[in-house]
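Input: a single structure, listed below in structure tokens.
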Amino acid sequence: MTIRAVVTGVGHYLPERIVPNSEFEAGIDTSDEWIRSRSGIERRHFAAEGQATSDLATRAAEAALAQAGLAADDIDAIVLATSTADFTFPSAATMVQARLGMTRGFAYDVQAVCAGFVFALANANALIISGQARRVLVIGAETFSRLMDWTDRSTCVLFGDGAGALVLEGQEGTGEVTDRGILATDLHSDGRHRDILHVDGGVSTGRTGHLRMQGKEVFRHAVEKLTETAHAALAKLGLSGADVDWIVPHQANIRIIEGTAKRMQVPMSRVVVTVQDHGNTSAASIPLALSVGVARGQIKRGDLLVTEAIGGGLAWGSVVLRW
Ligand code: UT7
């Protein structure tokens, strides 16, 4: 008997405030045209003052639970991917647990920056197939606006805030690739590249710090590593890009998304793209894209999906799942 971690609910939350590219033109030397043409971003959402990552995560979790038809106490575990938890500790996941009124089970954060949701999905899958949990809420939630240096035009126009969540439930499968649920995972990191994408603050410095990125270097690693990891996860199943109904990529830059799809020989008509509306929401970008992809009628039950992401660390990976 094969146990599969099957998606039974998805939801998302975006803060109310929408910031178009033109809003940056007054404060820094940039233009809507530059931001659109170099990144594909047209607008992003920013959290309100006092609105923290756990607030966004709770709203997304509630939406996913409602779609699954479950109450918080039906959930065995919460795995929350974030690099912008409200506090150093406790975890944002335990704050969401309390906010949902969930008094059983366990909750913890996973931190792999923009690859966080892929790592969290792989982790939740392991909890389910090892029998440690039957129903897991997997959340990606971020308030990257809190990490921006508003004088650094090369980063502050790229990121946004948001949250997305999935309910995963253990169900019996056949062991074949026709099963619904998570079918393969592929994770990597290489800590030698920490300087090209990092935050220059944290516990050892006494301040939160700001995001610093060597964009061109990260870009170079991204297309190459994302293609490799997606191919590796598909190869574990004897599949290739031709078998995929949807690529649901991390949404950092339309040129990275297009470059990866091209190398995988998947047309852009089979790629879920939300970067124009959300900017780069780090660990929230894939669950946001999944939720929006379902709402748009793109992703349907039975579709074969590959998600892939790369971020600070560097950390990168992919997950193949049948919706
Ligand atoms: O999610 C984690 C992973 N992160 C990523 O995947 C991001 C990867 N990198 C990228 O998406 C792109 O490298 C960027 C969008 C960050 C930058 O695009 P680029 O084509 O690599 O541009 P660049 O950094 O080479 O900059 C080109 C020019 C520079 O001017 P000079 O040196 O050629 O005179 C920049 O100073 O564009 C300038 N520039 C800007 N101009 C107007 C940089 N930022 C801006 C800006 N507005 N906001």
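Labels used: A, B, ... for chains in the order of the structure tokens, numbers from 1 for residues in each chain, and numbers from 1 for ligands as shown.
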
Using only C-alpha atoms and all ligand atoms, find each residue in chain A having at least one atom no more than 9 Å away from ligand 1; report its shortest atom-to-atom pair and that distance in Å (one decimal), rows by chain then rising number, as CSV.
residue,atom,partner,partner_atom_place_in_ligand_line,distance
A:Phe24,CA,ligand 1,48 (N),8.6
A:Glu25,CA,ligand 1,47 (N),8.9
A:Ile28,CA,ligand 1,48 (N),7.9
A:Asp29,CA,ligand 1,47 (N),6.1
A:Thr30,CA,ligand 1,47 (N),3.6
A:Ser31,CA,ligand 1,47 (N),5.8
A:Asp32,CA,ligand 1,47 (N),8.2
A:Glu33,CA,ligand 1,47 (N),8.6
A:Trp34,CA,ligand 1,42 (C),5.4
A:Ile35,CA,ligand 1,48 (N),6.0
A:Ser37,CA,ligand 1,20 (O),8.8
A:Arg38,CA,ligand 1,15 (C),5.2
A:Ser39,CA,ligand 1,15 (C),4.8
A:Gly40,CA,ligand 1,15 (C),8.7
A:Val113,CA,ligand 1,2 (C),7.7
A:Cys114,CA,ligand 1,1 (O),5.1
A:Ala115,CA,ligand 1,1 (O),8.0
A:Asp152,CA,ligand 1,44 (N),7.9
A:Arg153,CA,ligand 1,48 (N),4.2
A:Ser154,CA,ligand 1,44 (N),3.5
A:Thr155,CA,ligand 1,16 (C),6.5
A:Cys156,CA,ligand 1,48 (N),7.5
A:Val157,CA,ligand 1,48 (N),5.9
A:Leu158,CA,ligand 1,15 (C),7.1
A:Phe159,CA,ligand 1,1 (O),8.4
A:Leu197,CA,ligand 1,2 (C),7.6
A:Met213,CA,ligand 1,16 (C),7.6
A:Gln214,CA,ligand 1,24 (O),7.2
A:Gly215,CA,ligand 1,13 (O),3.6
A:Lys216,CA,ligand 1,13 (O),4.0
A:Glu217,CA,ligand 1,13 (O),7.1
A:Val218,CA,ligand 1,8 (C),4.9
A:Phe219,CA,ligand 1,8 (C),4.1
A:Arg220,CA,ligand 1,8 (C),7.8
A:His221,CA,ligand 1,6 (O),8.5
A:Ala222,CA,ligand 1,6 (O),6.1
A:Val223,CA,ligand 1,6 (O),8.7
A:His250,CA,ligand 1,1 (O),7.2
A:Gln251,CA,ligand 1,1 (O),7.2
A:Ala252,CA,ligand 1,1 (O),4.8
A:Asn253,CA,ligand 1,11 (O),4.9
A:Ile254,CA,ligand 1,11 (O),8.1
A:Arg255,CA,ligand 1,11 (O),7.6
A:Ile256,CA,ligand 1,6 (O),7.0
A:Asn280,CA,ligand 1,1 (O),6.1
A:Thr281,CA,ligand 1,1 (O),7.8
A:Ser282,CA,ligand 1,1 (O),5.6
A:Ala283,CA,ligand 1,1 (O),8.6
A:Ala309,CA,ligand 1,1 (O),7.8
A:Ile310,CA,ligand 1,3 (C),5.9
A:Gly311,CA,ligand 1,2 (C),4.2
A:Gly312,CA,ligand 1,2 (C),6.5

Can I get the selected residues back with N, CA and C atoms, as a compact mmCIF listing (two decimals), in the first residue's frame?
# COMPACT_ATOMS: atom_id res chain seq x y z
N PHE A 24 6.83 53.98 -7.09
CA PHE A 24 8.25 54.07 -6.73
C PHE A 24 8.94 55.24 -7.43
N GLU A 25 8.30 55.74 -8.51
CA GLU A 25 8.97 56.74 -9.35
C GLU A 25 9.27 58.03 -8.60
N ILE A 28 12.60 56.99 -5.84
CA ILE A 28 13.90 56.50 -6.33
C ILE A 28 13.98 56.65 -7.84
N ASP A 29 15.21 56.55 -8.37
CA ASP A 29 15.44 56.70 -9.81
C ASP A 29 15.09 55.39 -10.52
N THR A 30 13.78 55.24 -10.80
CA THR A 30 13.32 54.04 -11.50
C THR A 30 12.11 54.40 -12.35
N SER A 31 11.60 53.42 -13.10
CA SER A 31 10.42 53.68 -13.93
C SER A 31 9.60 52.40 -14.04
N ASP A 32 8.30 52.60 -14.27
CA ASP A 32 7.40 51.47 -14.51
C ASP A 32 7.97 50.62 -15.65
N GLU A 33 8.47 51.29 -16.68
CA GLU A 33 8.98 50.58 -17.87
C GLU A 33 10.16 49.67 -17.49
N TRP A 34 11.10 50.17 -16.68
CA TRP A 34 12.26 49.36 -16.30
C TRP A 34 11.80 48.15 -15.50
N ILE A 35 10.94 48.37 -14.52
CA ILE A 35 10.53 47.27 -13.64
C ILE A 35 9.79 46.19 -14.45
N SER A 37 9.92 45.60 -17.76
CA SER A 37 10.70 44.92 -18.79
C SER A 37 11.79 44.03 -18.19
N ARG A 38 12.35 44.40 -17.03
CA ARG A 38 13.43 43.59 -16.43
C ARG A 38 12.92 42.47 -15.55
N SER A 39 11.67 42.62 -15.01
CA SER A 39 11.19 41.61 -14.04
C SER A 39 9.81 41.06 -14.34
N GLY A 40 9.01 41.78 -15.13
CA GLY A 40 7.62 41.35 -15.39
C GLY A 40 6.65 41.80 -14.32
N VAL A 113 14.06 30.40 2.68
CA VAL A 113 13.85 31.64 1.93
C VAL A 113 12.88 31.38 0.76
N CYS A 114 13.26 31.79 -0.46
CA CYS A 114 12.28 31.68 -1.56
C CYS A 114 11.97 30.23 -1.92
N ALA A 115 12.85 29.30 -1.53
CA ALA A 115 12.59 27.87 -1.77
C ALA A 115 11.79 27.26 -0.63
N ASP A 152 17.42 51.36 -2.07
CA ASP A 152 18.11 50.45 -2.98
C ASP A 152 17.17 50.04 -4.12
N ARG A 153 17.28 50.73 -5.25
CA ARG A 153 16.33 50.50 -6.34
C ARG A 153 16.46 49.11 -6.95
N SER A 154 17.63 48.47 -6.73
CA SER A 154 17.83 47.16 -7.36
C SER A 154 17.10 46.04 -6.63
N THR A 155 16.55 46.33 -5.43
CA THR A 155 15.80 45.29 -4.71
C THR A 155 14.39 45.72 -4.31
N CYS A 156 14.21 47.00 -3.92
CA CYS A 156 12.95 47.37 -3.25
C CYS A 156 11.74 47.31 -4.17
N VAL A 157 11.96 47.30 -5.49
CA VAL A 157 10.83 47.26 -6.43
C VAL A 157 10.39 45.83 -6.75
N LEU A 158 11.13 44.86 -6.23
CA LEU A 158 10.93 43.47 -6.69
C LEU A 158 10.03 42.62 -5.78
N PHE A 159 9.90 43.01 -4.51
CA PHE A 159 9.28 42.09 -3.55
C PHE A 159 7.90 42.55 -3.09
N LEU A 197 22.76 36.60 -1.98
CA LEU A 197 21.36 36.90 -1.59
C LEU A 197 21.24 36.65 -0.10
N MET A 213 21.04 41.81 -2.58
CA MET A 213 21.06 40.81 -3.65
C MET A 213 21.94 41.24 -4.81
N GLN A 214 22.77 40.31 -5.27
CA GLN A 214 23.48 40.50 -6.54
C GLN A 214 22.60 39.84 -7.61
N GLY A 215 21.67 40.65 -8.14
CA GLY A 215 20.61 40.12 -9.00
C GLY A 215 21.09 39.29 -10.18
N LYS A 216 22.12 39.79 -10.86
CA LYS A 216 22.60 39.10 -12.06
C LYS A 216 23.14 37.70 -11.72
N GLU A 217 23.89 37.63 -10.60
CA GLU A 217 24.45 36.33 -10.16
C GLU A 217 23.35 35.35 -9.81
N VAL A 218 22.34 35.84 -9.05
CA VAL A 218 21.24 34.96 -8.65
C VAL A 218 20.50 34.48 -9.90
N PHE A 219 20.30 35.39 -10.84
CA PHE A 219 19.61 35.06 -12.09
C PHE A 219 20.33 33.91 -12.80
N ARG A 220 21.64 34.03 -12.87
CA ARG A 220 22.45 33.01 -13.58
C ARG A 220 22.26 31.64 -12.94
N HIS A 221 22.33 31.59 -11.60
CA HIS A 221 22.12 30.31 -10.90
C HIS A 221 20.69 29.81 -11.10
N ALA A 222 19.74 30.75 -11.13
CA ALA A 222 18.33 30.37 -11.07
C ALA A 222 17.91 29.52 -12.27
N VAL A 223 18.13 30.02 -13.47
CA VAL A 223 17.63 29.30 -14.66
C VAL A 223 18.26 27.91 -14.73
N HIS A 250 8.31 29.37 -8.70
CA HIS A 250 8.51 30.54 -7.84
C HIS A 250 8.46 31.78 -8.73
N GLN A 251 7.78 32.80 -8.25
CA GLN A 251 7.52 33.99 -9.08
C GLN A 251 8.48 35.11 -8.68
N ALA A 252 9.71 35.09 -9.23
CA ALA A 252 10.68 36.14 -8.93
C ALA A 252 10.84 37.09 -10.11
N ASN A 253 10.85 36.51 -11.32
CA ASN A 253 11.16 37.32 -12.50
C ASN A 253 10.62 36.57 -13.72
N ILE A 254 9.85 37.24 -14.55
CA ILE A 254 9.24 36.58 -15.72
C ILE A 254 10.32 36.02 -16.63
N ARG A 255 11.49 36.67 -16.66
CA ARG A 255 12.55 36.17 -17.57
C ARG A 255 13.14 34.86 -17.05
N ILE A 256 13.17 34.67 -15.72
CA ILE A 256 13.62 33.39 -15.16
C ILE A 256 12.57 32.31 -15.45
N ASN A 280 7.73 39.39 -6.12
CA ASN A 280 8.36 38.22 -5.51
C ASN A 280 7.94 38.15 -4.04
N THR A 281 7.11 37.18 -3.71
CA THR A 281 6.64 37.04 -2.32
C THR A 281 7.38 35.89 -1.62
N SER A 282 8.57 35.56 -2.10
CA SER A 282 9.42 34.55 -1.46
C SER A 282 8.65 33.24 -1.25
N ALA A 283 8.63 32.72 -0.02
CA ALA A 283 8.02 31.40 0.22
C ALA A 283 6.51 31.38 -0.03
N ALA A 309 11.66 26.21 -7.13
CA ALA A 309 12.00 27.50 -6.51
C ALA A 309 13.47 27.54 -6.11
N ILE A 310 14.02 28.76 -6.09
CA ILE A 310 15.39 28.97 -5.61
C ILE A 310 15.43 30.27 -4.82
N GLY A 311 16.27 30.29 -3.79
CA GLY A 311 16.42 31.52 -3.02
C GLY A 311 17.68 31.49 -2.17
N GLY A 312 17.72 32.43 -1.23
CA GLY A 312 18.90 32.63 -0.38
C GLY A 312 19.42 31.33 0.21

request  = List every residue of segment 91-213 of chain A that DSSP, applied to the backbone of this structure, places in strand (DSSP E or B), and write the result as a count of residues only.
outcome  = 45

Write out as a PyMOL selection string the residues lying within 10 Å of segment 11-19 of chain A, counting only C-alpha atoms and excluding same-chain residues fewer than 5 positions away. chain A and resi 24+42-48+51+55-68+139-141+143+157+160-167+277-278+284+287-292+294-295

Quick one: pick out all alpha helix (DSSP H) residues within segment 112-194 of chain A from a backbone DSSP run and write them as a ChimeraX atom specification.
/A:116-129,153-156

When you look at segment 101-108 of chain A with a cut-off of 7 Å (counting only C-alpha atoms), what residues show up, excluding the ones that are within fewer than 3 positions of it in the same chain? I need them as a compact mmCIF listing (two decimals) with all heavy atoms, in the first residue's frame.
# COMPACT_ATOMS: atom_id res chain seq x y z
N ALA A 72 -9.99 23.45 12.32
CA ALA A 72 -8.58 23.48 12.72
C ALA A 72 -8.19 22.23 13.51
O ALA A 72 -7.07 21.72 13.36
CB ALA A 72 -8.32 24.74 13.55
N ASP A 73 -9.08 21.73 14.35
CA ASP A 73 -8.72 20.57 15.17
C ASP A 73 -8.70 19.25 14.39
O ASP A 73 -8.35 18.21 14.94
CB ASP A 73 -9.64 20.47 16.40
CG ASP A 73 -9.03 21.25 17.58
OD1 ASP A 73 -7.80 21.53 17.54
OD2 ASP A 73 -9.78 21.57 18.51
N ASP A 76 -3.37 17.73 12.00
CA ASP A 76 -2.37 17.15 12.91
C ASP A 76 -1.12 18.03 13.03
O ASP A 76 -0.42 17.96 14.03
CB ASP A 76 -1.94 15.77 12.39
CG ASP A 76 -3.12 14.82 12.28
OD1 ASP A 76 -3.90 14.73 13.25
OD2 ASP A 76 -3.27 14.19 11.21
N ALA A 77 -0.81 18.78 11.96
CA ALA A 77 0.43 19.56 11.98
C ALA A 77 0.33 20.76 11.05
O ALA A 77 -0.38 20.72 10.05
CB ALA A 77 1.60 18.68 11.54
N ILE A 78 1.06 21.82 11.43
CA ILE A 78 1.21 23.00 10.56
C ILE A 78 2.70 23.15 10.24
O ILE A 78 3.53 23.20 11.17
CB ILE A 78 0.72 24.29 11.24
CG1 ILE A 78 -0.78 24.19 11.58
CG2 ILE A 78 0.99 25.50 10.36
CD1 ILE A 78 -1.30 25.38 12.40
N VAL A 79 3.03 23.21 8.96
CA VAL A 79 4.41 23.49 8.54
C VAL A 79 4.35 24.81 7.78
O VAL A 79 3.68 24.90 6.75
CB VAL A 79 4.97 22.36 7.64
CG1 VAL A 79 6.41 22.67 7.27
CG2 VAL A 79 4.86 21.00 8.33
N LEU A 80 5.01 25.82 8.32
CA LEU A 80 4.90 27.17 7.76
C LEU A 80 6.26 27.63 7.23
O LEU A 80 7.23 27.72 7.99
CB LEU A 80 4.39 28.14 8.83
CG LEU A 80 3.86 29.50 8.36
CD1 LEU A 80 2.99 30.14 9.43
CD2 LEU A 80 4.96 30.46 7.96
N SER A 91 7.73 30.44 16.85
CA SER A 91 7.53 30.32 15.40
C SER A 91 6.22 30.98 14.99
O SER A 91 5.26 31.05 15.78
CB SER A 91 7.49 28.84 15.01
OG SER A 91 6.37 28.21 15.60
N ALA A 93 4.34 29.61 12.97
CA ALA A 93 3.41 28.47 12.87
C ALA A 93 2.62 28.28 14.16
O ALA A 93 1.41 28.02 14.12
CB ALA A 93 4.18 27.20 12.53
N THR A 94 3.28 28.41 15.31
CA THR A 94 2.55 28.24 16.57
C THR A 94 1.60 29.41 16.81
O THR A 94 0.55 29.25 17.45
CB THR A 94 3.51 28.07 17.79
OG1 THR A 94 4.42 29.17 17.80
CG2 THR A 94 4.25 26.75 17.74
N GLN A 97 -1.32 28.52 14.80
CA GLN A 97 -2.01 27.42 15.50
C GLN A 97 -2.97 27.99 16.54
O GLN A 97 -4.16 27.63 16.61
CB GLN A 97 -0.98 26.49 16.17
CG GLN A 97 -1.61 25.29 16.86
CD GLN A 97 -0.59 24.51 17.69
OE1 GLN A 97 0.42 25.07 18.13
NE2 GLN A 97 -0.86 23.25 17.91
N ALA A 98 -2.47 28.93 17.35
CA ALA A 98 -3.30 29.54 18.40
C ALA A 98 -4.44 30.35 17.80
O ALA A 98 -5.58 30.28 18.25
CB ALA A 98 -2.43 30.43 19.29
